[in-house]
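Listing of query.pdb, PDB, C-alpha atoms, pLDDT in the B column
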```pdb
ATOM      1  CA  MET A   1      25.697 180.093 257.503  1.00 44.00           C
ATOM      2  CA  PRO A   2      25.447 183.871 256.935  1.00 47.00           C
ATOM      3  CA  ARG A   3      22.229 185.172 255.439  1.00 50.00           C
ATOM      4  CA  GLN A   4      22.427 186.188 251.822  1.00 54.00           C
ATOM      5  CA  ARG A   5      21.505 189.710 250.884  1.00 55.00           C
ATOM      6  CA  ILE A   6      17.877 189.876 249.771  1.00 55.00           C
ATOM      7  CA  SER A   7      17.339 191.433 246.368  1.00 59.00           C
ATOM      8  CA  THR A   8      14.681 194.150 246.369  1.00 55.00           C
ATOM      9  CA  GLU A   9      14.466 194.262 242.584  1.00 77.00           C
ATOM     10  CA  THR A  10      11.461 191.913 242.619  1.00 85.00           C
ATOM     11  CA  LEU A  11       8.227 192.291 244.521  1.00 88.00           C
ATOM     12  CA  ILE A  12       8.930 189.012 246.345  1.00 90.00           C
ATOM     13  CA  GLY A  13      12.376 190.290 247.373  1.00 87.00           C
ATOM     14  CA  ALA A  14      10.997 193.653 248.457  1.00 87.00           C
ATOM     15  CA  VAL A  15       8.358 191.974 250.651  1.00 89.00           C
ATOM     16  CA  ARG A  16      10.920 189.616 252.166  1.00 90.00           C
ATOM     17  CA  ARG A  17      13.319 192.472 252.883  1.00 87.00           C
ATOM     18  CA  HIS A  18      10.645 194.743 254.336  1.00 86.00           C
ATOM     19  CA  PHE A  19       9.248 192.121 256.703  1.00 88.00           C
ATOM     20  CA  GLY A  20      12.558 190.305 257.371  1.00 88.00           C
ATOM     21  CA  LEU A  21      11.254 186.989 256.051  1.00 90.00           C
ATOM     22  CA  SER A  22      13.230 184.019 254.810  1.00 91.00           C
ATOM     23  CA  GLN A  23      12.243 182.348 251.552  1.00 91.00           C
ATOM     24  CA  GLN A  24      10.904 179.439 253.599  1.00 93.00           C
ATOM     25  CA  GLU A  25       8.744 181.736 255.755  1.00 92.00           C
ATOM     26  CA  LEU A  26       7.321 183.585 252.751  1.00 91.00           C
ATOM     27  CA  SER A  27       6.642 180.304 250.945  1.00 91.00           C
ATOM     28  CA  MET A  28       4.637 179.118 253.952  1.00 91.00           C
ATOM     29  CA  ILE A  29       2.628 182.376 254.063  1.00 91.00           C
ATOM     30  CA  LEU A  30       1.863 182.187 250.336  1.00 90.00           C
ATOM     31  CA  ASP A  31       1.385 178.392 250.343  1.00 90.00           C
ATOM     32  CA  VAL A  32       3.951 177.749 247.599  1.00 92.00           C
ATOM     33  CA  SER A  33       7.304 175.972 247.532  1.00 93.00           C
ATOM     34  CA  LYS A  34      10.474 177.641 248.734  1.00 93.00           C
ATOM     35  CA  ALA A  35      12.038 176.844 245.360  1.00 93.00           C
ATOM     36  CA  LEU A  36       9.340 178.836 243.564  1.00 92.00           C
ATOM     37  CA  ILE A  37      10.032 181.852 245.797  1.00 91.00           C
ATOM     38  CA  GLY A  38      13.739 181.530 244.997  1.00 89.00           C
ATOM     39  CA  HIS A  39      13.104 181.281 241.249  1.00 90.00           C
ATOM     40  CA  ILE A  40      10.788 184.313 241.226  1.00 89.00           C
ATOM     41  CA  GLU A  41      13.171 186.350 243.359  1.00 87.00           C
ATOM     42  CA  ALA A  42      16.098 185.459 241.080  1.00 85.00           C
ATOM     43  CA  GLY A  43      14.075 186.415 238.001  1.00 84.00           C
ATOM     44  CA  ARG A  44      13.985 182.879 236.556  1.00 88.00           C
ATOM     45  CA  ARG A  45      10.194 182.684 236.898  1.00 89.00           C
ATOM     46  CA  ASP A  46       7.476 185.318 236.661  1.00 89.00           C
ATOM     47  CA  LEU A  47       5.058 186.203 239.414  1.00 87.00           C
ATOM     48  CA  THR A  48       1.704 184.717 238.429  1.00 89.00           C
ATOM     49  CA  SER A  49      -1.468 186.744 238.858  1.00 89.00           C
ATOM     50  CA  ALA A  50      -2.767 184.221 241.431  1.00 88.00           C
ATOM     51  CA  LEU A  51       0.431 184.541 243.463  1.00 91.00           C
ATOM     52  CA  HIS A  52       0.324 188.317 243.095  1.00 88.00           C
ATOM     53  CA  VAL A  53      -3.167 188.312 244.635  1.00 89.00           C
ATOM     54  CA  ARG A  54      -1.892 186.231 247.596  1.00 89.00           C
ATOM     55  CA  LEU A  55       1.132 188.554 247.974  1.00 89.00           C
ATOM     56  CA  PHE A  56      -0.967 191.753 247.873  1.00 89.00           C
ATOM     57  CA  PRO A  57      -1.825 191.858 251.639  1.00 88.00           C
ATOM     58  CA  LEU A  58       1.910 192.053 252.367  1.00 89.00           C
ATOM     59  CA  ALA A  59       2.968 194.112 249.339  1.00 87.00           C
ATOM     60  CA  ARG A  60       0.517 196.906 250.129  1.00 87.00           C
ATOM     61  CA  HIS A  61       2.583 197.748 253.221  1.00 87.00           C
ATOM     62  CA  LEU A  62       5.759 198.367 251.252  1.00 85.00           C
ATOM     63  CA  PRO A  63       6.989 201.963 251.407  1.00 81.00           C
ATOM     64  CA  ALA A  64       7.523 203.896 248.244  1.00 76.00           C
ATOM     65  CA  PRO A  65      10.937 203.196 246.714  1.00 65.00           C
ATOM     66  CA  PRO A  66      13.772 203.502 247.477  1.00 57.00           C
ATOM     67  CA  LEU A  67      13.469 200.967 250.252  1.00 53.00           C
ATOM     68  CA  LEU A  68      16.011 201.642 252.971  1.00 58.00           C
ATOM     69  CA  PRO A  69      17.758 198.681 254.575  1.00 63.00           C
ATOM     70  CA  PRO A  70      16.490 198.115 258.141  1.00 61.00           C
ATOM     71  CA  ASP A  71      19.748 199.245 259.730  1.00 67.00           C
ATOM     72  CA  THR A  72      19.423 202.749 258.234  1.00 69.00           C
ATOM     73  CA  GLU A  73      15.830 203.347 259.272  1.00 71.00           C
ATOM     74  CA  PRO A  74      15.056 204.822 262.687  1.00 77.00           C
ATOM     75  CA  LEU A  75      13.089 202.724 265.143  1.00 78.00           C
ATOM     76  CA  PRO A  76       9.378 203.056 264.551  1.00 80.00           C
ATOM     77  CA  ALA A  77       7.402 205.126 267.064  1.00 84.00           C
ATOM     78  CA  THR A  78       5.627 201.953 268.152  1.00 89.00           C
ATOM     79  CA  ALA A  79       8.878 200.325 269.324  1.00 87.00           C
ATOM     80  CA  PRO A  80       8.979 199.872 273.105  1.00 90.00           C
ATOM     81  CA  ALA A  81      11.270 201.981 275.280  1.00 88.00           C
ATOM     82  CA  PRO A  82      14.588 200.246 275.948  1.00 90.00           C
ATOM     83  CA  GLU A  83      15.322 198.564 279.251  1.00 93.00           C
ATOM     84  CA  ALA A  84      17.479 200.810 281.400  1.00 94.00           C
ATOM     85  CA  ALA A  85      19.623 198.093 283.044  1.00 95.00           C
ATOM     86  CA  PRO A  86      21.648 196.999 279.985  1.00 95.00           C
ATOM     87  CA  LEU A  87      22.115 200.612 278.929  1.00 96.00           C
ATOM     88  CA  GLU A  88      23.315 201.610 282.402  1.00 96.00           C
ATOM     89  CA  PHE A  89      25.652 198.608 282.525  1.00 97.00           C
ATOM     90  CA  ARG A  90      27.183 199.553 279.170  1.00 97.00           C
ATOM     91  CA  ARG A  91      27.494 203.210 280.234  1.00 97.00           C
ATOM     92  CA  LYS A  92      29.398 202.180 283.363  1.00 97.00           C
ATOM     93  CA  LEU A  93      31.548 199.775 281.361  1.00 97.00           C
ATOM     94  CA  CYS A  94      32.419 202.555 278.890  1.00 97.00           C
ATOM     95  CA  LEU A  95      33.357 204.914 281.722  1.00 97.00           C
ATOM     96  CA  HIS A  96      35.459 202.189 283.379  1.00 98.00           C
ATOM     97  CA  ARG A  97      37.310 201.410 280.153  1.00 98.00           C
ATOM     98  CA  ALA A  98      37.819 205.111 279.415  1.00 97.00           C
ATOM     99  CA  ALA A  99      39.244 205.614 282.922  1.00 97.00           C
ATOM    100  CA  GLY A 100      41.695 202.746 282.376  1.00 97.00           C
ATOM    101  CA  LEU A 101      42.778 204.210 279.067  1.00 97.00           C
ATOM    102  CA  ARG A 102      43.181 207.639 280.663  1.00 97.00           C
ATOM    103  CA  LEU A 103      45.528 206.077 283.244  1.00 97.00           C
ATOM    104  CA  GLU A 104      47.638 204.631 280.438  1.00 96.00           C
ATOM    105  CA  LEU A 105      47.568 208.021 278.718  1.00 96.00           C
ATOM    106  CA  GLY A 106      48.813 209.632 281.917  1.00 96.00           C
ATOM    107  CA  LYS A 107      51.788 207.267 282.026  1.00 94.00           C
ATOM    108  CA  LEU A 108      52.642 207.973 278.392  1.00 95.00           C
ATOM    109  CA  THR A 109      52.254 211.717 278.932  1.00 95.00           C
ATOM    110  CA  ALA A 110      54.590 211.589 281.922  1.00 92.00           C
ATOM    111  CA  ARG A 111      57.083 209.603 279.865  1.00 92.00           C
ATOM    112  CA  ALA A 112      56.939 212.239 277.111  1.00 93.00           C
ATOM    113  CA  VAL A 113      57.330 215.088 279.600  1.00 92.00           C
ATOM    114  CA  TYR A 114      60.359 213.476 281.263  1.00 91.00           C
ATOM    115  CA  ALA A 115      61.975 212.769 277.883  1.00 91.00           C
ATOM    116  CA  SER A 116      61.359 216.376 276.836  1.00 91.00           C
ATOM    117  CA  ARG A 117      62.921 217.689 280.057  1.00 91.00           C
ATOM    118  CA  TRP A 118      65.958 215.489 279.480  1.00 90.00           C
ATOM    119  CA  GLN A 119      66.258 216.713 275.888  1.00 90.00           C
ATOM    120  CA  GLN A 120      66.275 220.312 277.085  1.00 90.00           C
ATOM    121  CA  ALA A 121      68.641 219.802 280.019  1.00 89.00           C
ATOM    122  CA  LEU A 122      71.002 217.218 278.521  1.00 89.00           C
ATOM    123  CA  PRO A 123      73.405 219.579 276.706  1.00 90.00           C
ATOM    124  CA  THR A 124      73.978 221.573 279.880  1.00 90.00           C
ATOM    125  CA  ILE A 125      74.282 218.467 282.077  1.00 88.00           C
ATOM    126  CA  LEU A 126      76.798 216.875 279.691  1.00 88.00           C
ATOM    127  CA  ALA A 127      78.797 220.102 279.480  1.00 89.00           C
ATOM    128  CA  ASP A 128      78.868 220.333 283.292  1.00 87.00           C
ATOM    129  CA  LEU A 129      79.999 216.707 283.569  1.00 84.00           C
ATOM    130  CA  GLU A 130      82.733 217.296 280.987  1.00 84.00           C
ATOM    131  CA  ALA A 131      83.901 220.383 282.869  1.00 86.00           C
ATOM    132  CA  ALA A 132      83.949 218.456 286.155  1.00 83.00           C
ATOM    133  CA  ALA A 133      85.836 215.572 284.526  1.00 81.00           C
ATOM    134  CA  ALA A 134      88.460 218.021 283.241  1.00 82.00           C
ATOM    135  CA  LEU A 135      89.174 219.103 286.831  1.00 84.00           C
ATOM    136  CA  LEU A 136      89.801 215.514 287.991  1.00 81.00           C
ATOM    137  CA  PRO A 137      93.023 213.627 287.484  1.00 83.00           C
ATOM    138  CA  PRO A 138      92.971 211.383 284.402  1.00 82.00           C
ATOM    139  CA  VAL A 139      91.972 207.723 284.933  1.00 78.00           C
ATOM    140  CA  PRO A 140      92.096 204.728 282.617  1.00 80.00           C
ATOM    141  CA  GLU A 141      89.059 204.522 280.299  1.00 74.00           C
ATOM    142  CA  GLU A 142      87.771 201.271 281.813  1.00 71.00           C
ATOM    143  CA  GLN A 143      87.694 202.952 285.248  1.00 73.00           C
ATOM    144  CA  ASP A 144      86.200 206.261 284.059  1.00 73.00           C
ATOM    145  CA  LEU A 145      82.720 206.141 285.560  1.00 73.00           C
ATOM    146  CA  GLY A 146      81.983 209.669 284.365  1.00 76.00           C
ATOM    147  CA  ALA A 147      82.512 208.687 280.720  1.00 80.00           C
ATOM    148  CA  SER A 148      80.075 205.778 280.969  1.00 81.00           C
ATOM    149  CA  ILE A 149      77.527 208.057 282.689  1.00 84.00           C
ATOM    150  CA  ARG A 150      77.926 210.647 279.911  1.00 82.00           C
ATOM    151  CA  ARG A 151      77.256 207.915 277.311  1.00 83.00           C
ATOM    152  CA  TRP A 152      74.265 206.601 279.290  1.00 85.00           C
ATOM    153  CA  LEU A 153      72.457 209.898 280.042  1.00 87.00           C
ATOM    154  CA  PRO A 154      71.290 210.598 276.450  1.00 88.00           C
ATOM    155  CA  SER A 155      69.125 207.467 276.608  1.00 88.00           C
ATOM    156  CA  PHE A 156      66.791 209.352 278.995  1.00 87.00           C
ATOM    157  CA  ALA A 157      66.041 211.857 276.252  1.00 86.00           C
ATOM    158  CA  ARG A 158      65.039 209.012 273.899  1.00 89.00           C
ATOM    159  CA  ARG A 159      62.565 207.308 276.235  1.00 88.00           C
ATOM    160  CA  PHE A 160      59.555 208.586 274.317  1.00 91.00           C
ATOM    161  CA  LYS A 161      59.709 207.071 270.837  1.00 93.00           C
ATOM    162  CA  PRO A 162      57.483 207.475 267.769  1.00 94.00           C
ATOM    163  CA  SER A 163      55.824 204.153 268.681  1.00 95.00           C
ATOM    164  CA  HIS A 164      54.891 205.660 272.053  1.00 94.00           C
ATOM    165  CA  ALA A 165      53.419 208.704 270.311  1.00 96.00           C
ATOM    166  CA  ALA A 166      51.317 206.421 268.074  1.00 97.00           C
ATOM    167  CA  GLN A 167      50.184 204.438 271.119  1.00 97.00           C
ATOM    168  CA  TYR A 168      49.256 207.688 272.886  1.00 96.00           C
ATOM    169  CA  HIS A 169      47.038 208.845 270.011  1.00 97.00           C
ATOM    170  CA  LEU A 170      45.363 205.434 269.644  1.00 97.00           C
ATOM    171  CA  LEU A 171      44.597 205.282 273.361  1.00 97.00           C
ATOM    172  CA  ARG A 172      43.313 208.851 273.336  1.00 97.00           C
ATOM    173  CA  LEU A 173      40.943 208.096 270.463  1.00 97.00           C
ATOM    174  CA  GLN A 174      39.693 204.940 272.185  1.00 98.00           C
ATOM    175  CA  ALA A 175      39.125 206.812 275.450  1.00 97.00           C
ATOM    176  CA  GLU A 176      37.243 209.578 273.640  1.00 97.00           C
ATOM    177  CA  ALA A 177      35.087 207.001 271.833  1.00 97.00           C
ATOM    178  CA  TYR A 178      34.159 205.323 275.135  1.00 97.00           C
ATOM    179  CA  GLU A 179      33.417 208.696 276.720  1.00 97.00           C
ATOM    180  CA  THR A 180      31.256 209.722 273.749  1.00 97.00           C
ATOM    181  CA  GLU A 181      29.347 206.444 273.935  1.00 97.00           C
ATOM    182  CA  ALA A 182      28.864 206.857 277.707  1.00 97.00           C
ATOM    183  CA  ALA A 183      27.531 210.397 277.189  1.00 97.00           C
ATOM    184  CA  ALA A 184      25.113 209.198 274.491  1.00 96.00           C
ATOM    185  CA  LEU A 185      23.938 206.391 276.772  1.00 96.00           C
ATOM    186  CA  ALA A 186      23.439 208.847 279.643  1.00 96.00           C
ATOM    187  CA  GLU A 187      21.347 211.045 277.337  1.00 95.00           C
ATOM    188  CA  LEU A 188      19.298 208.022 276.251  1.00 92.00           C
ATOM    189  CA  LEU A 189      18.835 206.908 279.864  1.00 94.00           C
ATOM    190  CA  ALA A 190      17.547 210.371 280.777  1.00 93.00           C
ATOM    191  CA  ARG A 191      14.701 209.857 278.275  1.00 88.00           C
ATOM    192  CA  VAL A 192      13.854 206.302 279.440  1.00 81.00           C
TER     193      VAL A 192
END
```
Please express what this file holds, its structure, as structure tokens.
Amino acid sequence: MPRQRISTETLIGAVRRHFGLSQQELSMILDVSKALIGHIEAGRRDLTSALHVRLFPLARHLPAPPLLPPDTEPLPATAPAPEAAPLEFRRKLCLHRAAGLRLELGKLTARAVYASRWQQALPTILADLEAAAALLPPVPEEQDLGASIRRWLPSFARRFKPSHAAQYHLLRLQAEAYETEAAALAELLARV
């Protein structure tokens, strides 16, 4: 079951949020029922002066409002240095994935280049084929190989579609994200 968001509007909620405590854990520290903690946090009951005195040793460590959620605060200076092995593994994984994406990008780029070359050359090629066909004796349409080739050649110019362009940009962004993450990990590893 996902954890519910802890309200920081009450002192109980602020203490729980700051120290990452569940209602059950705080109730054990304060020697009260979990239900009482829930009622006080929800605003259904008031914090008694006796409970306030028991809560004071924790509450005095609360920072001045506004209290930032833990995921927006930087690691405290007392946090240990990270292990290098998992960071190095992730860095290598990012580089490997980026390299794979770059290979796919290369294939799509080549496809776009070939389609572009066909688009540029196709009018001339078709005109040359028409001129050559005019010099040959007429043949029945079902036997005219040149006509079927002239109908088939334009498909080369359409081999890079809008869906391929979208795929190219998505792959490029993914590759850049992996490369950025790998660079940040390398920078972090240099400080470890």
Task: Residue neighbourhood range 117-126 of chain A, 9 Å, all atoms listed in the file, exclusion window fewer than 3 positions, as an MDAnalysis selection string - done: chainID A and resid 112:114 129:131 150 153:154 156:158
Open item on the list: Just checking: using only C-alpha atoms, which residue out of A:Phe160, A:Glu9, A:Ala165, A:Leu58 ends up closest to Arg111 in chain A?
Closed with: A:Phe160
- [ ] Have a look at A:Glu88, A:Asp128, A:Ala81, A:Gln174 and name the one nearest to Arg191 in chain A; count all atoms listed in the file.
- [x]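 Selected residue with least distance to Arg191 in chain A: A:Ala81.
Of the listed residues (A:Leu62, A:Leu87, A:Leu75, A:Leu11), A:Leu87 comes nearest to Ala184 in chain A; the distances count only C-alpha atoms.
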Task: Closest of A:Ser155, A:Ala147, A:Glu187, A:Gly38 to Ala115 in chain A - atom-to-atom distances counting only C-alpha atoms - done: A:Ser155
- [ ] Could you tell me which residues the PyMOL selection byres ((chain A and resi 176) around 12) returns for this structure, as number ranges by chain?
- [x] A: 94-95, 97-102, 105, 169-175, 177-183
- [ ] Take CA of His96 in chain A and CA of Ala166 in chain A and report the distance between them in Å, one decimal.
- [x] 22.4 Å
Task: Gap from CA of Gly13 in chain A to CA of Ile40 in chain A - Å, one decimal - done: 8.7 Å
- [ ] Name all residues at most 9 Å from Leu26 in chain A (count all atoms listed in the file; drop same-chain ones fewer than 5 positions away) and give them as a list in words.
- [x]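 These residues fall inside the cut-off: Ile12, Val15, Arg16, Leu21, Asp31, Val32, Lys34 and Ile37 of chain A.
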Task: Residue nearest Val53 in chain A - candidates A:Leu36, A:Leu30, A:Ala133, A:Leu145, atoms counted: only C-alpha atoms - done: A:Leu30
- [ ] Convert the output of the PyMOL selection byres ((chain A and resi 192) around 8) on the shown file into explicit residues, formatted as a ChimeraX atom specification.
- [x] /A:81-84,188-191
TODO: Please measure the separation of CA of Ser22 in chain A and CA of Thr10 in chain A, giving the value in Å to one decimal.
DONE: 14.6 Å
Using the partial input, fill out range 128-148 of chain A with N, CA and C atoms; write the result as an mmCIF file, in the frame of the given file.
```
data_model
loop_
_atom_site.group_PDB
_atom_site.id
_atom_site.type_symbol
_atom_site.label_atom_id
_atom_site.label_comp_id
_atom_site.auth_asym_id
_atom_site.auth_seq_id
_atom_site.Cartn_x
_atom_site.Cartn_y
_atom_site.Cartn_z
ATOM 1 N N ASP A 128 78.433 220.238 281.897
ATOM 2 C CA ASP A 128 78.868 220.333 283.292
ATOM 3 C C ASP A 128 79.685 219.114 283.699
ATOM 4 N N LEU A 129 79.255 217.934 283.242
ATOM 5 C CA LEU A 129 79.999 216.707 283.569
ATOM 6 C C LEU A 129 81.371 216.706 282.900
ATOM 7 N N GLU A 130 81.436 217.200 281.681
ATOM 8 C CA GLU A 130 82.733 217.296 280.987
ATOM 9 C C GLU A 130 83.659 218.274 281.719
ATOM 10 N N ALA A 131 83.089 219.388 282.147
ATOM 11 C CA ALA A 131 83.901 220.383 282.869
ATOM 12 C C ALA A 131 84.387 219.808 284.185
ATOM 13 N N ALA A 132 83.542 219.070 284.892
ATOM 14 C CA ALA A 132 83.949 218.456 286.155
ATOM 15 C C ALA A 132 85.005 217.394 285.913
ATOM 16 N N ALA A 133 84.856 216.628 284.828
ATOM 17 C CA ALA A 133 85.836 215.572 284.526
ATOM 18 C C ALA A 133 87.196 216.176 284.193
ATOM 19 N N ALA A 134 87.201 217.363 283.590
ATOM 20 C CA ALA A 134 88.460 218.021 283.241
ATOM 21 C C ALA A 134 89.221 218.451 284.482
ATOM 22 N N LEU A 135 88.530 218.680 285.595
ATOM 23 C CA LEU A 135 89.174 219.103 286.831
ATOM 24 C C LEU A 135 89.771 217.932 287.610
ATOM 25 N N LEU A 136 89.325 216.709 287.280
ATOM 26 C CA LEU A 136 89.801 215.514 287.991
ATOM 27 C C LEU A 136 91.050 214.963 287.317
ATOM 28 N N PRO A 137 91.837 214.233 288.107
ATOM 29 C CA PRO A 137 93.023 213.627 287.484
ATOM 30 C C PRO A 137 92.592 212.552 286.476
ATOM 31 N N PRO A 138 93.325 212.368 285.418
ATOM 32 C CA PRO A 138 92.971 211.383 284.402
ATOM 33 C C PRO A 138 92.992 209.959 284.990
ATOM 34 N N VAL A 139 92.048 209.133 284.512
ATOM 35 C CA VAL A 139 91.972 207.723 284.933
ATOM 36 C C VAL A 139 91.876 206.873 283.678
ATOM 37 N N PRO A 140 92.237 205.596 283.799
ATOM 38 C CA PRO A 140 92.096 204.728 282.617
ATOM 39 C C PRO A 140 90.629 204.658 282.175
ATOM 40 N N GLU A 141 90.417 204.478 280.867
ATOM 41 C CA GLU A 141 89.059 204.522 280.299
ATOM 42 C C GLU A 141 88.136 203.498 280.937
ATOM 43 N N GLU A 142 88.630 202.295 281.221
ATOM 44 C CA GLU A 142 87.771 201.271 281.813
ATOM 45 C C GLU A 142 87.361 201.622 283.240
ATOM 46 N N GLN A 143 88.038 202.540 283.882
ATOM 47 C CA GLN A 143 87.694 202.952 285.248
ATOM 48 C C GLN A 143 86.978 204.309 285.282
ATOM 49 N N ASP A 144 86.797 204.925 284.121
ATOM 50 C CA ASP A 144 86.200 206.261 284.059
ATOM 51 C C ASP A 144 84.677 206.139 284.125
ATOM 52 N N LEU A 145 84.164 206.232 285.336
ATOM 53 C CA LEU A 145 82.720 206.141 285.560
ATOM 54 C C LEU A 145 81.994 207.325 284.931
ATOM 55 N N GLY A 146 82.605 208.472 284.942
ATOM 56 C CA GLY A 146 81.983 209.669 284.365
ATOM 57 C C GLY A 146 81.734 209.517 282.878
ATOM 58 N N ALA A 147 82.670 208.880 282.168
ATOM 59 C CA ALA A 147 82.512 208.687 280.720
ATOM 60 C C ALA A 147 81.334 207.764 280.436
ATOM 61 N N SER A 148 81.194 206.697 281.212
ATOM 62 C CA SER A 148 80.075 205.778 280.969
ATOM 63 C C SER A 148 78.742 206.468 281.320
#
```
